Structures are given as C-alpha cells and as structure tokens.
Amino acid sequence: MSQQLSSMNTTSETVVNRHKYFSLFASDQRDFLLSPTGAQIKISDLEDKIVGIYFSANWYPQCQTFTKLLIQVYDEIQAKKDSKFEIIFVSSDEDLNAFNNFYQSYMPWLAIPFSDLETKKALNKRYDVEGIPCLVILQPHDDASVLHDGVELIYRYGVDVYPFTNERLDELLRQEKEKHERQTLVNLLTNHDRDFVLAHSASKQVVSVSSLTGKTIGLYFSAQWCLPSHKFTPKLISIYQKIKQNITQQEFNGDFEIIYVSSDHNELEFKSSYSVMPWLALPFGDPTTKNLTKYFDIRGIPSLIIIGPDGKTVTNNGRSLINLYEEEAYPFTEARVELLEKQMDENAKNLPSVELHSGHRHELSLVSQGNGGGPFICCDCDEQGSGWAYQCLDCGYEVHTKCVRPVD
C-alpha cells in the first residue's frame with residue numbers, strides 16, 4: 001500500500017511539474033521550444049530540470065557582455081555529472097534577423113520562437129521584467145522558489161552558484177563573509193607563482209606586495225578598449241599625482257598607491273595602456289585578475305576599489321569619490337566622505353536654485369539626494385555623481401554642479 005502511495009505521489013509531482021513548464025512556455029499552437037539548430041525540442045523534456053529564463057536582446061551592449069559570461073557558466077554546468085539545467089531565451093530583439101543572428105550565432109540553449117509575441121509578453125509580465133539582461137531561475141519542484149536576480153548571482157559567483165538553491169546561496173554568503181574577514185593585501189594580490197607587482201622605475205621593475213602593506217591601495221580595473229577609461233584615466237593620473245604630492249608635503253597622512261588590473265585583450269594593448277600610467281600593475285594575463293574581478297563583483301570598467309592600510313576594503317566607489325571630491329577624497333574612508341558631504345551641503349547653500357546651462361536648452365534646478373536627486377551619470381562629463389546636482393525637471397538631464405557652464 002505504501003509503495004502504491006509513493007508511486008501515486010511521484011506521478012502527481014511529475015504531472016504538476018510538466019504542467020508548470022508547459023503552462024509557462026507553450027501556446028495553443030506550440031508544445032515545443034527552439035534549439036540553435038532550429039530543431040523543435042518538446043517542453044516536456046524540461047521535466048525535473050532547473051530552468052533559467054533569459055530576457056535579453058542583441059542591441060544592448062550589457063546583454064552582449066553578460067551573454068558571453070552566461071555561455072561559459074552554462075557550458076561548465078552542463079559538463080557536471082548529473083547536471084539538470086536549461087536556459088530559455090526570451091528575445092527583445094528588433095526583428096527576426098536580429099534574433100537569428102544573436103541566438104543562432106552565440107547561444108547554446110533553447111528559445112521561445114521570435115514570432116510568439118504573446119508568450120514573451122506573458123513571461124515579461126509574470127516575472128515583472130523591468131530591464132535587460134534579466135535571468136529568472138525556476139526550481140522544478142518548488143513553485144515558491146523563484147530567483148529574479150540570476151544576472152547578479154552569475155556575475156558574483158559564476159558556476160559555483162549552481163544549483164541555485166537557498167541552501168547553496170546561504171553557503172556562498174557564509175564563504176564570502178569568511179573571505180572578507182580574512183582579507184589582507186597579500187592574499188588579495190599574490191598567488192603561488194607571484195608575490196610582486198610591476199613597476200615603471202628603471203631601477204626597480206617589480207615591487208613586492210608585502211612592501212605595500214600599511215598603505216592605502218587603489219585597485220584600478222580598466223582597459224585600452226574601454227572609452228570611459230580613456231576619459232577617466234587622465235583625471236585619475238592627475239589626482240594620484242596631487243595625492244602623492246600632498247603626502248610628500250605632509251598635508252596628507254599615510255601613503256597611497258594604485259595598481260592597474262587590466263582587462264586588455266592582449267599584451268600589446270596592456271603595454272599601451274600601462275605606458276601612460278605612473279603607478280604599479282598586475283602582470284598581463286595573471287589569474288589574480290580574474291579572481292579580483294569576481295571577488296569585487298566588477299560589472300563595468302573603469303572601476304576603482306580602495307583597500308585600507310589594514311588590508312580591508314574601504315569602498316568599491318573610488319571612481320565616484322574621485323569624480324566628486326578629487327584629491328580631497330583621500331583616504332576615502334566613511335569618516336572622510338561624511339565630512340566632505342557636510343562641506344558640500346554647506347557650499348550648496350551659496351549656489352543658485354536654478355541655472356541656465358549652455359549645454360542644455362531647458363532651465364536646470366538644484367537638487368539633492370533628499371529632494372529629487374540621487375546617484376546619476378553627469379550628462380556633461382559622462383561620469384558618476386551623487387548628492388547635489390543641477391537637474392532638468394522636464395526631461396531628466398542632470399549635471400554635476402561643477403559642470404554647469406552658465407549662458408552668457
């Protein structure tokens with residue numbers, strides 16, 4: 001009798017599971033999904049599988065970047081023994097040709113047919129998709145377990161996040177916390193083959209990582225091919241030199257160094273990038289680069305991570321602080337930022353409430369984080385900002401207060 005009940009429960013679970021995926025991905029005219037070769041794969045084949053619904057499009061650069069990483073993670077999961085994972089592409093491409101080029105040229109997983117607008121629309125609505133790329137993870141036998149932040153989890157943990165269960169996420173968070181508690185400059189920047197970083201000095205081609213202990217360190221993630229880096233690197237060089245000068249003149253305490261963490265495509269690009277930088281660098285192609293990118297959850301470049309004299313992370317927002325406060329941001333601590341924010345609030349009292357900016361046709365209003373402002377990208381210099389800004393209340397145009405060029 002107990003065997004019969006067990007059999008009935010298993011059968012019931014299978015039917016419910018099959019119905020769950022069928023109701024999500026099928027239509028009145030279709031009980032299949034597409035493969036990259038154009039073959040029709042039955043939706044029933046998803047039975048017992050963890051499914052990732054991937055909302056994406058070819059026209060958005062962030063989707064292209066994430067798709068490359070997702071392909072790598074997908075292939076690694078599929079190579080695992082007894083892997084039960086599938087991804088279904090839900091396209092927001094402009095037309096069928098764009099869909100075919102993006103899907104068939106890159107993706108190894110399944111897809112909703114491009115012509116099935118109703119199913120795509122229903123999935124977007126059901127999972128409240130507000131932006132792309134978006135990766136929603138479904139567990140086969142747990143309707144309550146829906147992860148909406150699959151993109152963040154893949155960026156943060158890579159293949160280690162599989163099988164996407166709450167237990168696995170809790171374990172990863174625990175491991176991450178332990179790593180950050182044990183963090184030192186030496187275990188961040190060295191490996192079993194290397195205990196040094198590169199230097200420009202003719203008399204000293206390398207510098208030991210241990211000799212940097214006790215300094216404030218900026219880890220500068222950048223690359224020659226990155227256009228925003230072309231604008232930010234000269235600014236960072238200028239600020240770096242001013243900070244070093246102030247330290248030499250004993251206006252600032254401690255010491256400061258920057259280490260270039262390259263995302264260049266090849267060594268020639270790396271040498272070209274590093275040739276203009278006055279600081280240190282990790283060797284090109286060093287495995288530590290990939291580890292640091294994952295450890296600090298670097299989503300885009302340029303990015304500047306600040307490590308304190310004790311080897312612990314001070315802030316991941318070094319780039320934004322440089323843009324806002326320039327050399328005065330040093331040593332980038334919470335106490336320093338709090339002081340600078342108070343100074344900025346005081347300075348804002350002397351700013352006009354409205355401005356006419358030569359780079360925009362509408363009147364701009366002075367806003368702060370408390371009255372309509374917040375983190376933004378300056379429409380004049382294309383750099384990050386927060387706190388006080390001049391904003392167009394008609395169209396959302398926003399600039400740093402220092403970037404306003406008054407109309408004569």
# chains A, B, ... in the order shown; residues from 1 in each chain; ligands from 1
>>> select_by_dssp(residues="segment 223-329 of chain A", states="alpha helix (DSSP H)", output="number ranges by chain")
A: 227-248, 267-274, 287-295, 318-325
>>> select_by_dssp(residues="segment 81-240 of chain A", states="strand (DSSP E or B)", output="PyMOL selection string")
chain A and resi 85-91+110-111+134-139+142-147+191+194+196-198+206-208+216-222
>>> residues_around(residues="segment 195-210 of chain A", least_positions_apart="4", cutoff="12 Å", atoms="only C-alpha atoms", output="ChimeraX atom specification")
/A:184-191,214-215,217,219,257-261,271,274-284,286,288-289,309,311
>>> write_last_selection(atoms="N, CA, C and O atoms", output="tab-separated table (two decimals), in the first residue's frame")
chain	number	residue	atom	x	y	z
A	184	THR	N	43.53	40.20	3.35
A	184	THR	CA	44.73	41.01	3.51
A	184	THR	C	45.21	41.39	2.12
A	184	THR	O	44.80	40.79	1.11
A	185	LEU	N	46.07	42.38	2.04
A	185	LEU	CA	46.60	42.80	0.74
A	185	LEU	C	47.38	41.66	0.08
A	185	LEU	O	47.28	41.44	-1.13
A	186	VAL	N	48.13	40.93	0.88
A	186	VAL	CA	48.95	39.85	0.34
A	186	VAL	C	48.09	38.74	-0.24
A	186	VAL	O	48.34	38.27	-1.36
A	187	ASN	N	47.03	38.30	0.50
A	187	ASN	CA	46.23	37.20	-0.08
A	187	ASN	C	45.31	37.68	-1.20
A	187	ASN	O	44.82	36.87	-1.98
A	188	LEU	N	45.11	39.00	-1.32
A	188	LEU	CA	44.36	39.53	-2.46
A	188	LEU	C	45.19	39.51	-3.74
A	188	LEU	O	44.70	39.17	-4.81
A	189	LEU	N	46.46	39.91	-3.63
A	189	LEU	CA	47.25	40.25	-4.81
A	189	LEU	C	48.32	39.24	-5.20
A	189	LEU	O	48.92	39.36	-6.26
A	190	THR	N	48.57	38.24	-4.36
A	190	THR	CA	49.61	37.27	-4.69
A	190	THR	C	48.99	35.91	-5.00
A	190	THR	O	47.84	35.64	-4.69
A	191	ASN	N	49.80	35.06	-5.63
A	191	ASN	CA	49.43	33.65	-5.81
A	191	ASN	C	50.70	32.81	-5.67
A	191	ASN	O	51.78	33.36	-5.38
A	214	GLY	N	50.19	48.38	4.73
A	214	GLY	CA	50.16	49.60	5.52
A	214	GLY	C	49.83	50.84	4.71
A	214	GLY	O	49.64	51.92	5.28
A	215	LYS	N	49.76	50.71	3.38
A	215	LYS	CA	49.40	51.83	2.52
A	215	LYS	C	47.93	51.73	2.11
A	215	LYS	O	47.33	50.65	2.14
A	217	ILE	N	45.55	51.51	-0.88
A	217	ILE	CA	45.77	51.00	-2.23
A	217	ILE	C	44.50	51.15	-3.06
A	217	ILE	O	43.41	50.80	-2.60
A	219	LEU	N	42.79	49.71	-6.43
A	219	LEU	CA	42.84	48.70	-7.49
A	219	LEU	C	42.05	49.26	-8.67
A	219	LEU	O	40.83	49.42	-8.59
A	257	GLU	N	48.97	54.22	-3.14
A	257	GLU	CA	49.45	53.62	-4.38
A	257	GLU	C	48.26	53.07	-5.17
A	257	GLU	O	47.22	52.73	-4.58
A	258	ILE	N	48.41	53.02	-6.47
A	258	ILE	CA	47.38	52.43	-7.34
A	258	ILE	C	48.00	51.25	-8.08
A	258	ILE	O	49.18	51.29	-8.47
A	259	ILE	N	47.20	50.21	-8.29
A	259	ILE	CA	47.64	49.03	-9.04
A	259	ILE	C	46.67	48.80	-10.18
A	259	ILE	O	45.45	48.67	-9.96
A	260	TYR	N	47.19	48.76	-11.39
A	260	TYR	CA	46.38	48.55	-12.58
A	260	TYR	C	46.00	47.08	-12.70
A	260	TYR	O	46.86	46.20	-12.70
A	261	VAL	N	44.68	46.82	-12.80
A	261	VAL	CA	44.17	45.47	-13.00
A	261	VAL	C	43.55	45.45	-14.40
A	261	VAL	O	42.47	45.98	-14.62
A	271	LYS	N	50.40	46.90	-22.69
A	271	LYS	CA	51.58	47.76	-22.67
A	271	LYS	C	51.23	49.19	-23.07
A	271	LYS	O	51.76	50.16	-22.50
A	274	TYR	N	49.30	50.71	-20.01
A	274	TYR	CA	50.12	50.89	-18.82
A	274	TYR	C	51.24	51.92	-19.04
A	274	TYR	O	51.72	52.53	-18.09
A	275	SER	N	51.61	52.14	-20.29
A	275	SER	CA	52.73	53.05	-20.59
A	275	SER	C	52.46	54.47	-20.12
A	275	SER	O	53.39	55.23	-19.84
A	276	VAL	N	51.17	54.87	-20.04
A	276	VAL	CA	50.85	56.25	-19.63
A	276	VAL	C	50.54	56.34	-18.13
A	276	VAL	O	50.33	57.44	-17.62
A	277	MET	N	50.51	55.22	-17.44
A	277	MET	CA	50.14	55.22	-16.03
A	277	MET	C	51.38	55.29	-15.13
A	277	MET	O	52.34	54.56	-15.36
A	278	PRO	N	51.35	56.14	-14.10
A	278	PRO	CA	52.53	56.31	-13.25
A	278	PRO	C	52.59	55.37	-12.06
A	278	PRO	O	53.43	55.53	-11.17
A	279	TRP	N	51.70	54.38	-12.03
A	279	TRP	CA	51.60	53.52	-10.85
A	279	TRP	C	52.02	52.08	-11.15
A	279	TRP	O	52.66	51.79	-12.16
A	280	LEU	N	51.63	51.15	-10.29
A	280	LEU	CA	52.00	49.74	-10.40
A	280	LEU	C	50.96	48.97	-11.21
A	280	LEU	O	49.92	49.51	-11.58
A	281	ALA	N	51.24	47.69	-11.48
A	281	ALA	CA	50.29	46.88	-12.26
A	281	ALA	C	50.47	45.40	-11.96
A	281	ALA	O	51.58	44.94	-11.65
A	282	LEU	N	49.36	44.67	-12.05
A	282	LEU	CA	49.45	43.21	-12.10
A	282	LEU	C	49.93	42.81	-13.48
A	282	LEU	O	49.56	43.45	-14.48
A	283	PRO	N	50.75	41.75	-13.61
A	283	PRO	CA	51.19	41.32	-14.93
A	283	PRO	C	49.99	40.95	-15.82
A	283	PRO	O	48.98	40.45	-15.32
A	284	PHE	N	50.12	41.19	-17.10
A	284	PHE	CA	49.03	40.86	-18.03
A	284	PHE	C	48.77	39.35	-18.02
A	284	PHE	O	49.70	38.54	-18.04
A	286	ASP	N	47.61	37.53	-15.67
A	286	ASP	CA	47.75	36.87	-14.37
A	286	ASP	C	46.39	36.39	-13.88
A	286	ASP	O	45.39	37.13	-13.96
A	288	THR	N	45.17	36.18	-11.04
A	288	THR	CA	44.64	37.00	-9.95
A	288	THR	C	43.66	38.05	-10.48
A	288	THR	O	42.72	38.44	-9.78
A	289	THR	N	43.87	38.50	-11.72
A	289	THR	CA	42.97	39.50	-12.32
A	289	THR	C	41.53	38.99	-12.35
A	289	THR	O	40.59	39.68	-11.94
A	309	PRO	N	44.88	50.64	4.83
A	309	PRO	CA	46.18	50.20	5.35
A	309	PRO	C	46.12	48.86	6.07
A	309	PRO	O	47.14	48.15	6.15
A	311	GLY	N	44.43	46.33	5.00
A	311	GLY	CA	44.17	45.28	4.01
A	311	GLY	C	42.70	45.01	3.76
A	311	GLY	O	42.35	44.17	2.94
>>> residues_around(residues="segment 149-157 of chain A", least_positions_apart="2", cutoff="10 Å", atoms="only C-alpha atoms", output="PyMOL selection string")
chain A and resi 52-54+66-67+69-70+73+132-137+146-147+159-162+164+169+172-173+176+293-299
>>> residues_around(residues="Asp255 of chain A", least_positions_apart="2", cutoff="12 Å", atoms="only C-alpha atoms", output="JSON, numbers by chain")
{"A": [211, 212, 213, 214, 215, 216, 217, 218, 240, 243, 244, 245, 246, 247, 248, 249, 250, 251, 252, 253, 257, 258, 307, 308, 309, 330, 331]}
>>> residues_around(residues="His400 of chain A", least_positions_apart="4", cutoff="7 Å", atoms="only C-alpha atoms", output="list in words")
Cys378, Gly385, Ala389, Tyr390 and Val404 of chain A
>>> atom_distance(atom1="atom CA of Gln40 of chain A", atom2="atom CA of Ser105 of chain A")
17.5 Å
>>> atom_distance(atom1="atom CA of Ser145 of chain A", atom2="atom CA of Cys63 of chain A")
24.8 Å
>>> residues_around(residues="Ser273 of chain A", least_positions_apart="3", cutoff="9 Å", atoms="only C-alpha atoms", output="list of chain:residue names")
A:Ser222, A:Ala223, A:Gln224, A:Ser262, A:Asp264, A:Leu268, A:Glu269, A:Phe270, A:Val276, A:Met277
>>> write_last_selection(atoms="N, CA and C atoms", output="compact mmCIF listing (two decimals), in the first residue's frame")
# COMPACT_ATOMS: atom_id res chain seq x y z
N SER A 222 40.57 48.54 -15.55
CA SER A 222 40.44 49.36 -16.75
C SER A 222 40.98 48.59 -17.95
N ALA A 223 40.88 49.20 -19.14
CA ALA A 223 41.38 48.57 -20.36
C ALA A 223 41.50 49.61 -21.46
N GLN A 224 42.36 49.34 -22.41
CA GLN A 224 42.57 50.28 -23.51
C GLN A 224 41.34 50.43 -24.38
N SER A 262 44.24 44.87 -15.33
CA SER A 262 43.94 45.02 -16.76
C SER A 262 42.85 44.07 -17.26
N ASP A 264 42.60 44.24 -20.67
CA ASP A 264 43.01 44.37 -22.07
C ASP A 264 42.92 43.03 -22.80
N LEU A 268 49.86 43.60 -26.11
CA LEU A 268 50.16 44.86 -26.78
C LEU A 268 49.25 45.98 -26.26
N GLU A 269 47.96 45.68 -26.11
CA GLU A 269 47.03 46.65 -25.54
C GLU A 269 47.41 46.98 -24.10
N PHE A 270 47.80 45.95 -23.34
CA PHE A 270 48.20 46.17 -21.95
C PHE A 270 49.38 47.13 -21.87
N VAL A 276 51.17 54.87 -20.04
CA VAL A 276 50.85 56.25 -19.63
C VAL A 276 50.54 56.34 -18.13
N MET A 277 50.51 55.22 -17.44
CA MET A 277 50.14 55.22 -16.03
C MET A 277 51.38 55.29 -15.13
>>> closest_residue(among="A:Glu178, A:Gln29, A:Pro163, A:Leu123", to="Tyr74 of chain A", atoms="only C-alpha atoms")
A:Pro163
>>> closest_residue(among="A:Arg361, A:Phe55, A:Asp408, A:Ser229", to="Lys125 of chain A", atoms="only C-alpha atoms")
A:Phe55
>>> closest_residue(among="A:Ala26, A:Pro234, A:Glu346, A:Glu167", to="Lys42 of chain A", atoms="only C-alpha atoms")
A:Ala26
